[in-house]
file coords-v6.txt (compact mmCIF, C-alpha atoms)
# COMPACT_ATOMS: atom_id res chain seq x y z
CA MET D 15 8.50 -33.05 -19.25
CA ALA D 16 4.99 -33.57 -20.52
CA ARG D 17 1.92 -33.66 -18.31
CA PRO D 18 -1.73 -34.31 -19.12
CA LEU D 19 -3.99 -31.36 -19.81
CA SER D 20 -5.34 -31.23 -16.29
CA GLY D 21 -1.87 -31.34 -14.75
CA ARG D 22 -2.94 -34.01 -12.20
CA GLY D 23 -2.40 -37.21 -14.17
CA GLN D 24 -5.70 -37.12 -16.03
CA THR D 25 -6.13 -37.75 -19.71
CA LEU D 26 -7.92 -35.51 -22.15
CA GLY D 27 -10.94 -37.76 -22.15
CA SER D 28 -11.45 -37.42 -18.39
CA LEU D 29 -11.05 -33.65 -18.32
CA ASN D 30 -14.75 -32.83 -18.48
CA ALA D 31 -15.44 -34.75 -15.30
CA ALA D 32 -12.42 -33.26 -13.53
CA ASP D 33 -13.15 -29.62 -14.40
CA PRO D 34 -16.87 -29.00 -13.87
CA GLY D 35 -16.34 -25.25 -13.56
CA GLY D 36 -15.10 -24.79 -17.09
CA SER D 37 -15.03 -28.05 -19.00
CA PHE D 38 -13.03 -28.38 -22.17
CA PRO D 39 -14.22 -30.55 -25.03
CA SER D 40 -12.46 -33.87 -25.30
CA PRO D 41 -10.65 -33.92 -28.66
CA THR D 42 -12.18 -36.55 -30.93
CA PHE D 43 -10.59 -37.90 -34.05
CA PRO D 44 -12.43 -38.14 -37.36
CA ASP D 45 -14.29 -41.28 -38.35
CA ASP D 46 -11.68 -41.86 -41.09
CA LEU D 47 -9.19 -42.89 -38.40
CA THR D 48 -11.40 -45.78 -37.27
CA LYS D 49 -11.91 -46.88 -40.85
CA VAL D 50 -8.18 -46.83 -41.58
CA ILE D 51 -7.43 -48.90 -38.49
CA PHE D 52 -9.83 -51.66 -39.47
CA TYR D 53 -8.75 -51.57 -43.13
CA CYS D 54 -5.11 -51.99 -42.14
CA LEU D 55 -5.75 -54.97 -39.86
CA PRO D 56 -5.96 -58.30 -41.71
CA SER D 57 -9.11 -60.36 -41.43
CA LEU D 58 -8.44 -63.40 -39.29
CA PRO D 59 -10.42 -66.67 -39.50
CA THR D 60 -12.14 -67.47 -36.27
CA GLN D 61 -13.22 -71.10 -36.16
CA THR D 62 -10.55 -72.62 -38.40
CA MET D 63 -7.57 -71.00 -36.66
CA ALA D 64 -8.82 -71.12 -33.07
CA PRO D 65 -7.44 -74.62 -32.26
CA ALA D 66 -3.98 -73.67 -33.58
CA VAL D 67 -3.54 -70.57 -31.36
CA SER D 68 -1.06 -71.19 -28.55
CA PRO D 69 -1.15 -69.39 -25.16
CA GLN D 70 2.00 -67.48 -26.11
CA ALA D 71 0.35 -66.24 -29.29
CA SER D 72 -2.75 -65.10 -27.40
CA GLN D 73 -0.52 -63.08 -25.05
CA MET D 74 1.20 -61.46 -28.00
CA ALA D 75 -2.08 -60.40 -29.63
CA PRO D 76 -2.55 -57.15 -27.61
CA LEU D 77 1.05 -56.15 -28.31
CA VAL D 78 0.63 -56.72 -32.06
CA LEU D 79 -2.64 -54.77 -32.05
CA GLY D 80 -1.07 -51.85 -30.19
CA LEU D 81 1.87 -51.80 -32.63
CA ALA D 82 -0.51 -51.77 -35.59
CA LEU D 83 -2.48 -48.88 -34.11
CA SER D 84 0.71 -46.90 -33.48
CA LEU D 85 1.85 -47.40 -37.09
CA VAL D 86 -1.52 -46.24 -38.37
CA VAL D 87 -1.56 -43.11 -36.21
CA MET D 88 2.01 -42.25 -37.24
CA SER D 89 1.04 -42.51 -40.90
CA LEU D 90 -1.79 -39.98 -40.54
CA PRO D 91 -1.36 -36.28 -41.41
CA GLY D 92 0.09 -33.81 -38.88
CA SER D 93 -1.67 -32.65 -35.75
CA TRP D 94 -4.52 -30.19 -35.97
CA GLY D 95 -3.01 -28.20 -33.11
CA CYS D 96 -5.14 -25.80 -31.09
CA LEU D 97 -8.22 -26.50 -33.21
CA LEU D 98 -8.24 -30.12 -32.04
CA CYS D 99 -7.53 -29.22 -28.41
CA PHE D 100 -10.30 -26.67 -27.95
CA THR D 101 -13.08 -27.85 -30.28
CA SER D 102 -14.86 -31.18 -30.58
CA GLU D 103 -15.42 -33.37 -33.62
CA PRO D 104 -19.23 -32.87 -33.53
CA ASP D 105 -18.74 -29.09 -33.50
CA ARG D 106 -16.45 -29.21 -36.53
CA GLN D 107 -18.76 -31.60 -38.38
CA ARG D 108 -21.85 -29.50 -37.63
CA LEU D 109 -20.03 -26.37 -38.77
CA CYS D 110 -19.28 -27.79 -42.22
CA GLN D 111 -22.82 -29.10 -42.52
CA LEU D 112 -24.09 -25.57 -41.94
CA PHE D 113 -21.81 -24.22 -44.65
CA THR D 114 -22.33 -26.94 -47.27
CA GLY D 115 -25.61 -28.66 -46.36
CA LEU D 116 -26.35 -31.94 -44.64
CA LYS D 117 -25.90 -34.18 -47.70
CA SER D 118 -23.46 -32.12 -49.71
CA ARG D 119 -20.37 -33.73 -51.19
CA GLN D 120 -18.42 -30.58 -50.33
CA SER D 121 -18.41 -31.50 -46.64
CA SER D 122 -15.05 -33.28 -46.90
CA GLN D 123 -13.59 -30.28 -48.76
CA CYS D 124 -14.91 -28.01 -46.03
CA ARG D 125 -13.24 -30.13 -43.36
CA ALA D 126 -9.97 -30.08 -45.26
CA GLN D 127 -10.17 -26.30 -45.61
CA LEU D 128 -10.86 -25.94 -41.87
CA THR D 129 -7.78 -28.02 -41.08
CA GLU D 130 -5.60 -26.05 -43.48
CA ALA D 131 -6.78 -22.69 -42.13
CA PHE D 132 -5.66 -23.55 -38.58
CA GLN D 133 -2.54 -25.48 -39.57
CA GLY D 134 -0.36 -22.51 -38.54
CA LEU D 135 -1.37 -23.04 -34.91
CA THR D 136 -0.13 -26.63 -34.76
CA HIS D 137 3.04 -25.88 -32.78
CA THR D 138 1.62 -23.06 -30.69
CA GLN D 139 2.69 -22.89 -27.05
CA ILE D 140 0.74 -20.84 -24.50
CA ASN D 141 0.80 -20.14 -20.81
CA TYR D 142 -0.92 -23.07 -19.11
CA ALA D 143 -2.94 -20.66 -16.97
CA GLU D 144 -4.43 -19.09 -20.13
CA ARG D 145 -6.13 -22.26 -21.39
CA ALA D 146 -9.58 -21.11 -20.29
CA HIS D 147 -9.13 -17.79 -22.11
CA LEU D 148 -8.17 -19.53 -25.34
CA HIS D 149 -11.01 -22.03 -24.96
CA ASP D 150 -13.49 -19.14 -24.65
CA ALA D 151 -12.00 -17.58 -27.78
CA PHE D 152 -12.51 -20.80 -29.77
CA THR D 153 -16.08 -21.09 -28.48
CA GLN D 154 -16.83 -17.55 -29.63
CA THR D 155 -15.16 -18.31 -32.98
CA ILE D 156 -17.45 -21.31 -33.54
CA PHE D 157 -20.51 -19.15 -32.85
CA THR D 158 -19.23 -16.50 -35.27
CA LEU D 159 -18.65 -19.10 -37.98
CA GLU D 160 -22.15 -20.47 -37.48
CA GLU D 161 -23.55 -16.98 -38.00
CA LYS D 162 -21.52 -16.61 -41.21
CA ALA D 163 -22.78 -19.99 -42.39
CA ALA D 164 -26.36 -18.82 -41.83
CA ALA D 165 -25.53 -15.71 -43.88
CA LYS D 166 -24.32 -17.95 -46.78
CA GLU D 167 -20.76 -16.65 -46.66
CA SER D 168 -17.87 -18.60 -48.18
CA TYR D 169 -16.34 -21.04 -45.69
CA LYS D 170 -12.91 -20.57 -47.24
CA VAL D 171 -12.86 -16.87 -46.42
CA ALA D 172 -14.58 -17.39 -43.05
CA PHE D 173 -12.09 -20.04 -41.88
CA LEU D 174 -9.06 -17.91 -42.74
CA ALA D 175 -10.53 -14.93 -40.93
CA ALA D 176 -11.29 -17.10 -37.89
CA ALA D 177 -7.73 -18.45 -37.78
CA GLN D 178 -6.32 -14.90 -37.95
CA SER D 179 -8.64 -13.87 -35.13
CA ILE D 180 -7.40 -16.72 -32.94
CA GLU D 181 -3.79 -15.78 -33.71
CA GLU D 182 -4.48 -12.25 -32.46
CA VAL D 183 -6.00 -13.64 -29.27
CA ILE D 184 -2.93 -15.82 -28.68
CA LYS D 185 -0.65 -12.80 -29.05
CA GLU D 186 -2.57 -11.02 -26.28
CA LEU D 187 -2.31 -13.92 -23.80
CA SER D 188 -0.01 -13.41 -20.85
CA LYS D 189 3.34 -15.13 -21.14
CA ALA D 190 4.53 -17.76 -18.68
CA PRO D 191 7.77 -16.94 -16.85
CA ALA D 192 10.86 -18.70 -18.14
CA CYS D 193 12.23 -21.76 -16.39
CA VAL D 194 14.98 -20.84 -13.94
CA PRO D 195 17.68 -23.52 -13.48
CA PRO D 196 18.98 -25.49 -11.76
CA CYS D 197 16.05 -27.02 -9.88
CA GLY D 198 12.47 -26.79 -8.69
CA PHE D 199 8.94 -27.59 -9.77
CA GLN D 200 8.04 -24.25 -11.37
CA GLU D 201 4.30 -24.51 -11.79
CA LEU D 202 3.84 -20.92 -12.95
CA ALA D 203 6.22 -21.60 -15.87
CA ARG D 204 4.10 -24.51 -17.14
CA LEU D 205 3.27 -24.38 -20.85
CA PHE D 206 0.47 -25.87 -22.90
CA PHE D 207 1.52 -27.41 -26.25
CA CYS D 208 -1.15 -27.46 -28.93
CA ASN D 209 0.62 -30.15 -30.96
CA SER D 210 0.05 -32.65 -28.14
CA CYS D 211 -2.84 -31.04 -26.20
CA ALA D 212 -0.74 -31.53 -23.04
CA ALA D 213 1.04 -29.52 -20.39
CA HIS D 214 4.82 -29.34 -20.28
CA ASP D 215 6.73 -28.48 -17.10
CA CYS D 216 10.32 -27.35 -16.76
CA ASP D 217 12.67 -30.28 -17.25
CA LEU D 218 14.42 -29.66 -13.94
CA PRO D 219 14.92 -31.87 -10.87
CA LEU D 220 13.09 -31.13 -7.63
CA GLU D 221 16.26 -31.39 -5.55
CA CYS D 222 18.78 -28.54 -5.77
CA PRO D 223 22.58 -28.99 -5.64
CA ILE D 224 24.24 -28.89 -2.22
CA ARG D 225 25.58 -25.47 -1.22
CA ASP D 226 28.68 -25.47 1.00
CA LEU D 227 28.57 -23.11 3.96
CA PRO D 228 31.85 -22.87 5.92
CA VAL D 229 31.36 -21.26 9.35
CA PRO D 230 33.93 -21.02 12.17
CA VAL D 231 33.25 -22.41 15.62
CA GLY D 232 31.31 -19.84 17.63
CA GLY D 233 30.10 -18.04 14.52
CA GLN D 234 26.62 -17.72 13.06
CA ALA D 235 25.12 -19.90 10.33
CA VAL D 236 22.27 -18.38 8.33
CA PHE D 237 20.07 -20.42 5.97
CA SER D 238 17.61 -19.08 3.40
CA CYS D 239 14.95 -21.18 1.67
CA ALA D 240 14.38 -18.54 -1.02
CA VAL D 241 14.25 -19.69 -4.65
CA PRO D 242 14.86 -17.59 -7.79
CA PHE D 243 11.64 -18.58 -9.59
CA SER D 244 8.05 -17.42 -9.16
CA THR D 245 6.04 -19.24 -6.50
CA PRO D 246 2.45 -19.20 -5.20
CA PRO D 247 1.76 -16.78 -2.33
CA GLU D 248 1.02 -19.43 0.33
CA LEU D 249 4.16 -21.47 1.06
CA THR D 250 5.18 -24.01 3.69
CA TYR D 251 8.78 -24.53 4.85
CA THR D 252 10.06 -27.76 6.42
CA TRP D 253 13.64 -27.90 7.67
CA LEU D 254 15.60 -31.13 8.14
CA PHE D 255 19.10 -32.08 9.32
CA ALA D 256 21.55 -34.94 8.69
CA GLY D 257 24.42 -34.83 11.16
CA ASN D 258 28.08 -35.07 10.19
CA ILE D 259 27.44 -36.06 6.57
CA ARG D 260 27.25 -34.32 3.20
CA THR D 261 24.34 -35.97 1.40
CA ARG D 262 21.00 -35.58 -0.36
CA ASP D 263 19.78 -39.01 0.71
CA LEU D 264 16.58 -38.27 2.63
CA SER D 265 16.91 -41.42 4.76
CA TYR D 266 19.63 -39.64 6.79
CA PHE D 267 17.52 -36.58 7.64
CA ARG D 268 15.32 -35.79 10.63
CA VAL D 269 12.80 -32.97 10.86
CA ILE D 270 13.67 -29.82 12.81
CA PRO D 271 10.35 -28.81 14.41
CA ARG D 272 11.28 -25.27 15.52
CA ALA D 273 12.31 -23.95 12.11
CA GLN D 274 9.21 -23.32 9.98
CA ASP D 275 10.02 -20.10 8.14
CA ILE D 276 11.98 -19.03 5.06
CA PHE D 277 15.00 -18.07 7.19
CA ALA D 278 16.75 -20.04 9.95
CA ARG D 279 20.00 -19.56 11.82
CA ILE D 280 22.29 -21.22 14.35
CA ARG D 281 24.36 -19.24 16.83
CA PRO D 282 26.82 -19.98 18.16
CA VAL D 283 27.93 -22.73 15.78
CA ARG D 284 29.48 -25.80 17.39
CA PRO D 285 31.23 -28.85 15.90
CA LEU D 286 28.13 -30.98 16.48
CA HIS D 287 26.25 -28.75 14.01
CA GLN D 288 28.36 -29.97 11.12
CA GLY D 289 26.20 -31.74 8.56
CA THR D 290 23.64 -31.17 5.85
CA PHE D 291 20.59 -28.98 6.39
CA SER D 292 17.66 -29.24 3.98
CA CYS D 293 14.62 -27.07 3.37
CA LEU D 294 11.53 -28.43 1.65
CA LEU D 295 9.51 -25.68 -0.01
CA SER D 296 5.91 -26.67 -0.74
CA SER D 297 2.54 -25.17 -1.60
CA ASP D 298 -0.76 -26.91 -0.86
CA LEU D 299 1.09 -30.20 -0.21
CA GLN D 300 2.82 -29.91 -3.61
CA PRO D 301 6.64 -29.94 -3.24
CA LEU D 302 8.23 -27.08 -5.17
CA ALA D 303 11.93 -27.42 -4.32
CA ARG D 304 14.28 -29.06 -1.87
CA LEU D 305 17.38 -27.05 -0.96
CA PHE D 306 20.50 -28.46 0.68
CA PHE D 307 23.21 -26.70 2.73
CA PHE D 308 26.34 -28.42 4.02
CA LEU D 309 27.50 -26.66 7.17
CA ASN D 310 31.26 -27.14 7.40
CA VAL D 311 32.35 -26.10 10.89
CA THR D 312 35.91 -24.78 10.85
CA ALA D 313 38.35 -23.66 13.56
CA GLY D 314 37.58 -20.12 14.60
CA LYS D 315 37.39 -18.40 17.96
CA ALA D 316 39.76 -18.80 20.87
CA GLN D 317 39.44 -21.83 23.10
CA GLY D 318 38.44 -19.74 26.14
CA GLU D 319 35.57 -18.10 24.32
CA VAL D 320 34.33 -21.45 23.01
CA GLU D 321 34.42 -22.90 26.55
CA LEU D 322 32.45 -19.91 27.85
CA GLN D 323 29.83 -20.41 25.17
CA THR D 324 29.70 -24.12 26.01
CA LEU D 325 29.10 -23.29 29.67
CA PHE D 326 26.33 -20.87 28.70
CA ARG D 327 24.75 -23.54 26.54
CA ALA D 328 24.81 -26.00 29.43
CA VAL D 329 22.97 -23.53 31.65
CA MET D 330 20.37 -22.81 28.99
CA LYS D 331 19.93 -26.51 28.29
CA ALA D 332 19.26 -27.13 31.95
CA LYS D 333 16.37 -24.66 31.69
CA GLY D 334 14.83 -26.56 28.77
CA SER D 335 16.13 -24.38 25.93
CA LYS D 336 16.87 -26.00 22.56
CA VAL D 337 19.76 -23.82 21.50
CA ASP D 338 21.36 -26.65 19.48
CA CYS D 339 18.51 -26.46 16.97
CA PRO D 340 18.16 -23.87 14.22
CA GLU D 341 15.87 -21.10 15.40
CA PRO D 342 13.39 -19.03 13.38
CA TRP D 343 14.91 -15.74 12.31
CA LYS D 344 13.38 -12.46 11.19
CA PRO D 345 16.20 -10.61 9.41
CA SER D 346 16.40 -6.83 9.35
CA PHE D 347 15.61 -4.79 6.26
CA SER D 348 19.30 -4.17 5.56
CA THR D 349 19.99 -7.90 5.83
CA LEU D 350 17.23 -8.66 3.35
CA LEU D 351 18.69 -6.15 0.90
CA ALA D 352 22.09 -7.80 1.24
CA HIS D 353 20.59 -11.14 0.22
CA PRO D 354 21.77 -12.17 -3.31
CA GLY D 355 18.24 -12.65 -4.60
CA ALA D 356 16.74 -9.52 -3.05
CA LEU D 357 17.42 -6.84 -5.66
CA THR D 358 15.33 -8.31 -8.44
CA LEU D 359 13.49 -6.12 -10.93
CA LYS D 360 10.17 -6.82 -9.20
CA ASN D 361 11.54 -5.93 -5.76
CA LEU D 362 13.17 -2.75 -7.11
CA CYS D 363 9.83 -1.70 -8.58
CA LEU D 364 8.13 -2.34 -5.24
CA LEU D 365 10.78 -0.33 -3.42
CA GLY D 366 10.36 2.53 -5.89
CA LEU D 367 6.59 2.41 -5.45
CA ALA D 368 6.93 2.45 -1.67
CA ALA D 369 9.33 5.39 -1.84
CA GLY D 370 6.96 7.26 -4.14
CA LEU D 371 4.02 6.68 -1.81
CA GLY D 372 6.08 7.85 1.14
CA ILE D 373 7.09 11.07 -0.63
CA THR D 374 3.49 11.69 -1.68
CA ASN D 375 2.24 11.25 1.88
CA PHE D 376 4.95 13.61 3.14
CA ILE D 377 3.93 16.30 0.61
CA LEU D 378 0.23 15.94 1.47
CA LEU D 379 1.02 16.21 5.17
CA GLY D 380 3.05 19.35 4.53
CA MET D 381 0.21 20.92 2.52
CA LEU D 382 -2.33 20.17 5.27
CA LEU D 383 0.00 21.64 7.88
CA TYR D 384 0.53 24.75 5.74
CA ARG D 385 -3.21 25.31 5.30
CA PHE D 386 -3.81 24.84 9.03
CA LEU D 387 -1.15 27.40 9.94
CA GLU D 388 -2.47 29.79 7.25
CA LYS D 389 -5.97 29.69 8.80
CA GLU D 390 -4.59 30.23 12.29
CA CYS D 391 -2.75 33.36 11.14

call {"tool": "encode", "arguments": {"input": "coords-v6.txt", "output": "structure tokens"}}
result
Amino acid sequence: MARPLSGRGQTLGSLNAADPGGSFPSPTFPDDLTKVIFYCLPSLPTQTMAPAVSPQASQMAPLVLGLALSLVVMSLPGSWGCLLCFTSEPDRQRLCQLFTGLKSRQSSQCRAQLTEAFQGLTHTQINYAERAHLHDAFTQTIFTLEEKAAAKESYKVAFLAAAQSIEEVIKELSKAPACVPPCGFQELARLFFCNSCAAHDCDLPLECPIRDLPVPVGGQAVFSCAVPFSTPPELTYTWLFAGNIRTRDLSYFRVIPRAQDIFARIRPVRPLHQGTFSCLLSSDLQPLARLFFFLNVTAGKAQGEVELQTLFRAVMKAKGSKVDCPEPWKPSFSTLLAHPGALTLKNLCLLGLAAGLGITNFILLGMLLYRFLEKEC
């Protein structure tokens, strides 16, 4: 799934206005492209053919022009990759003029050598969050090349060295986490493709498959809105319910106002709770994932116990309690550890760090106590 460079539906040309804090140069194509387009289009008479043009033909003209432009672009050489994404045409032109002179015939050879030197970066993919770092590296590379041009160094050697320097910078960039199926908008896993100067998100749907949750009457139903992929720190949880139906059609759902946390539970479970529960996980109004749980209420406890629970519910309902709705739930530490997605490598490292800090504090406390008792004696 490809997205524009800004990630918000903007094109490369509008990026400078959308990113005032750290604007990227809009990639510009060489003047040869414009010349080729006009050379490939046939010259059309204006006055002699105007009376013969029908309305249908005039409507077809933009389509024919667009097709001709597409054919021309497809016939051009391969993409310039990262060089085109992070430098501008005036910068590249000025650079070759510094190396070869303003009116030198070697300018075209210099441009060709610049393209060839960075050709290895055409299909480079980087972490989308590292674009600014790579842009700064290209800016510094242009300055370094300008200094070498002033020192009368060979542009062939200088361009190859610059491309190797950029390759080393790319190796040091942080890697984006891998896409985790089966669902979710995983913004932290977004990649930037140099061959298209565009962002690419995980090709996964926003809505997750329905998970079946069989619970006996009178039991406890526990729901978790946790996802297996990396998410921003500030998250919002919205719970919804569609009664007595197994579906992902949002037109059947109503919002559950009380449940606004990652965990929710219902106890005791009654037959009227059967249906599909959904949790919308979002960050800064951007939906990240929508989880679905089908609560299948099965026969469970004895009839007398169910009647007693029903009577208790009636009393609580008379006092204004909403026990039929899922309630917020703060699970215990042991319950969190029993969760399938709890013992990840990151969480294990955090647990080890916490244990190490606890042991260190215990040792320091023991040493202080020992010194205090030693002074008293």

call {"tool": "atom_distance", "arguments": {"input": "coords-v6.txt", "atom1": "CA of Lys162 (chain D)", "atom2": "CA of Leu128 (chain D)"}}
result
14.2 Å

call {"tool": "atom_distance", "arguments": {"input": "coords-v6.txt", "atom1": "CA of Thr155 (chain D)", "atom2": "CA of Ala213 (chain D)"}}
result
23.4 Å

call {"tool": "residues_near_point", "arguments": {"input": "coords-v6.txt", "point": "(17.2, -37.3, 11.5)", "cutoff": "9 Å", "atoms": "only C-alpha atoms", "output": "short mmCIF file (atom, residue, chain, number, x, y, z; two decimals) with C-alpha atoms, in the coordinates of the input"}}
result
data_model
loop_
_atom_site.label_atom_id
_atom_site.label_comp_id
_atom_site.auth_asym_id
_atom_site.auth_seq_id
_atom_site.Cartn_x
_atom_site.Cartn_y
_atom_site.Cartn_z
CA LEU D 254 15.60 -31.13 8.14
CA PHE D 255 19.10 -32.08 9.32
CA ALA D 256 21.55 -34.94 8.69
CA GLY D 257 24.42 -34.83 11.16
CA LEU D 264 16.58 -38.27 2.63
CA SER D 265 16.91 -41.42 4.76
CA TYR D 266 19.63 -39.64 6.79
CA PHE D 267 17.52 -36.58 7.64
CA ARG D 268 15.32 -35.79 10.63
CA VAL D 269 12.80 -32.97 10.86
CA ILE D 270 13.67 -29.82 12.81
#

call {"tool": "residues_near_point", "arguments": {"input": "coords-v6.txt", "point": "(-3.6, -19.4, -6.1)", "cutoff": "12 Å", "atoms": "all atoms listed in the file", "output": "number ranges by chain"}}
result
D: 143, 201-202, 245-249, 297-298

call {"tool": "residues_around", "arguments": {"input": "coords-v6.txt", "residues": "region 113-116 of chain D", "least_positions_apart": "2", "cutoff": "8 Å", "atoms": "only C-alpha atoms", "output": "compact mmCIF listing (two decimals) with C-alpha atoms, in the coordinates of the input"}}
result
# COMPACT_ATOMS: atom_id res chain seq x y z
CA LEU D 109 -20.03 -26.37 -38.77
CA CYS D 110 -19.28 -27.79 -42.22
CA GLN D 111 -22.82 -29.10 -42.52
CA SER D 118 -23.46 -32.12 -49.71
CA GLN D 120 -18.42 -30.58 -50.33
CA SER D 121 -18.41 -31.50 -46.64
CA CYS D 124 -14.91 -28.01 -46.03
CA ALA D 163 -22.78 -19.99 -42.39
CA ALA D 164 -26.36 -18.82 -41.83
CA LYS D 166 -24.32 -17.95 -46.78
CA GLU D 167 -20.76 -16.65 -46.66
CA SER D 168 -17.87 -18.60 -48.18
CA TYR D 169 -16.34 -21.04 -45.69

call {"tool": "build_atoms", "arguments": {"input": "coords-v6.txt", "residues": "region 234-241 of chain D", "atoms": "all heavy atoms", "output": "mmCIF file, keeping the file's coordinate frame"}}
result
data_model
loop_
_atom_site.group_PDB
_atom_site.id
_atom_site.type_symbol
_atom_site.label_atom_id
_atom_site.label_comp_id
_atom_site.auth_asym_id
_atom_site.auth_seq_id
_atom_site.Cartn_x
_atom_site.Cartn_y
_atom_site.Cartn_z
ATOM 1 N N GLN D 234 28.064 -17.649 13.316
ATOM 2 C CA GLN D 234 26.620 -17.720 13.060
ATOM 3 C C GLN D 234 26.383 -18.302 11.674
ATOM 4 O O GLN D 234 26.988 -17.862 10.682
ATOM 5 C CB GLN D 234 26.008 -16.324 13.147
ATOM 6 C CG GLN D 234 24.532 -16.283 12.758
ATOM 7 C CD GLN D 234 23.930 -14.895 12.899
ATOM 8 O OE1 GLN D 234 23.440 -14.521 13.957
ATOM 9 N NE2 GLN D 234 23.967 -14.113 11.830
ATOM 10 N N ALA D 235 25.505 -19.293 11.603
ATOM 11 C CA ALA D 235 25.120 -19.900 10.330
ATOM 12 C C ALA D 235 23.710 -19.451 9.978
ATOM 13 O O ALA D 235 22.788 -19.595 10.785
ATOM 14 C CB ALA D 235 25.179 -21.419 10.426
ATOM 15 N N VAL D 236 23.558 -18.898 8.789
ATOM 16 C CA VAL D 236 22.270 -18.380 8.330
ATOM 17 C C VAL D 236 21.847 -19.163 7.088
ATOM 18 O O VAL D 236 22.632 -19.333 6.151
ATOM 19 C CB VAL D 236 22.348 -16.874 8.005
ATOM 20 C CG1 VAL D 236 21.020 -16.387 7.459
ATOM 21 C CG2 VAL D 236 22.727 -16.095 9.249
ATOM 22 N N PHE D 237 20.601 -19.642 7.080
ATOM 23 C CA PHE D 237 20.070 -20.420 5.970
ATOM 24 C C PHE D 237 18.854 -19.693 5.394
ATOM 25 O O PHE D 237 18.023 -19.153 6.130
ATOM 26 C CB PHE D 237 19.651 -21.820 6.418
ATOM 27 C CG PHE D 237 20.725 -22.567 7.158
ATOM 28 C CD1 PHE D 237 20.763 -22.573 8.541
ATOM 29 C CD2 PHE D 237 21.708 -23.263 6.474
ATOM 30 C CE1 PHE D 237 21.738 -23.255 9.231
ATOM 31 C CE2 PHE D 237 22.692 -23.950 7.154
ATOM 32 C CZ PHE D 237 22.712 -23.946 8.536
ATOM 33 N N SER D 238 18.748 -19.704 4.089
ATOM 34 C CA SER D 238 17.610 -19.080 3.400
ATOM 35 C C SER D 238 16.991 -20.100 2.441
ATOM 36 O O SER D 238 17.695 -20.716 1.635
ATOM 37 C CB SER D 238 18.057 -17.843 2.620
ATOM 38 O OG SER D 238 17.008 -17.360 1.803
ATOM 39 N N CYS D 239 15.675 -20.243 2.534
ATOM 40 C CA CYS D 239 14.950 -21.180 1.670
ATOM 41 C C CYS D 239 14.336 -20.458 0.476
ATOM 42 O O CYS D 239 13.361 -20.928 -0.112
ATOM 43 C CB CYS D 239 13.870 -21.899 2.471
ATOM 44 S SG CYS D 239 13.301 -23.444 1.713
ATOM 45 N N ALA D 240 14.893 -19.293 0.125
ATOM 46 C CA ALA D 240 14.380 -18.540 -1.020
ATOM 47 C C ALA D 240 14.817 -19.190 -2.321
ATOM 48 O O ALA D 240 15.912 -19.751 -2.421
ATOM 49 C CB ALA D 240 14.867 -17.096 -0.965
ATOM 50 N N VAL D 241 13.959 -19.127 -3.329
ATOM 51 C CA VAL D 241 14.250 -19.690 -4.650
ATOM 52 C C VAL D 241 14.130 -18.565 -5.687
ATOM 53 O O VAL D 241 13.396 -17.595 -5.487
ATOM 54 C CB VAL D 241 13.278 -20.838 -5.003
ATOM 55 C CG1 VAL D 241 13.553 -22.049 -4.133
ATOM 56 C CG2 VAL D 241 11.824 -20.405 -4.838
#
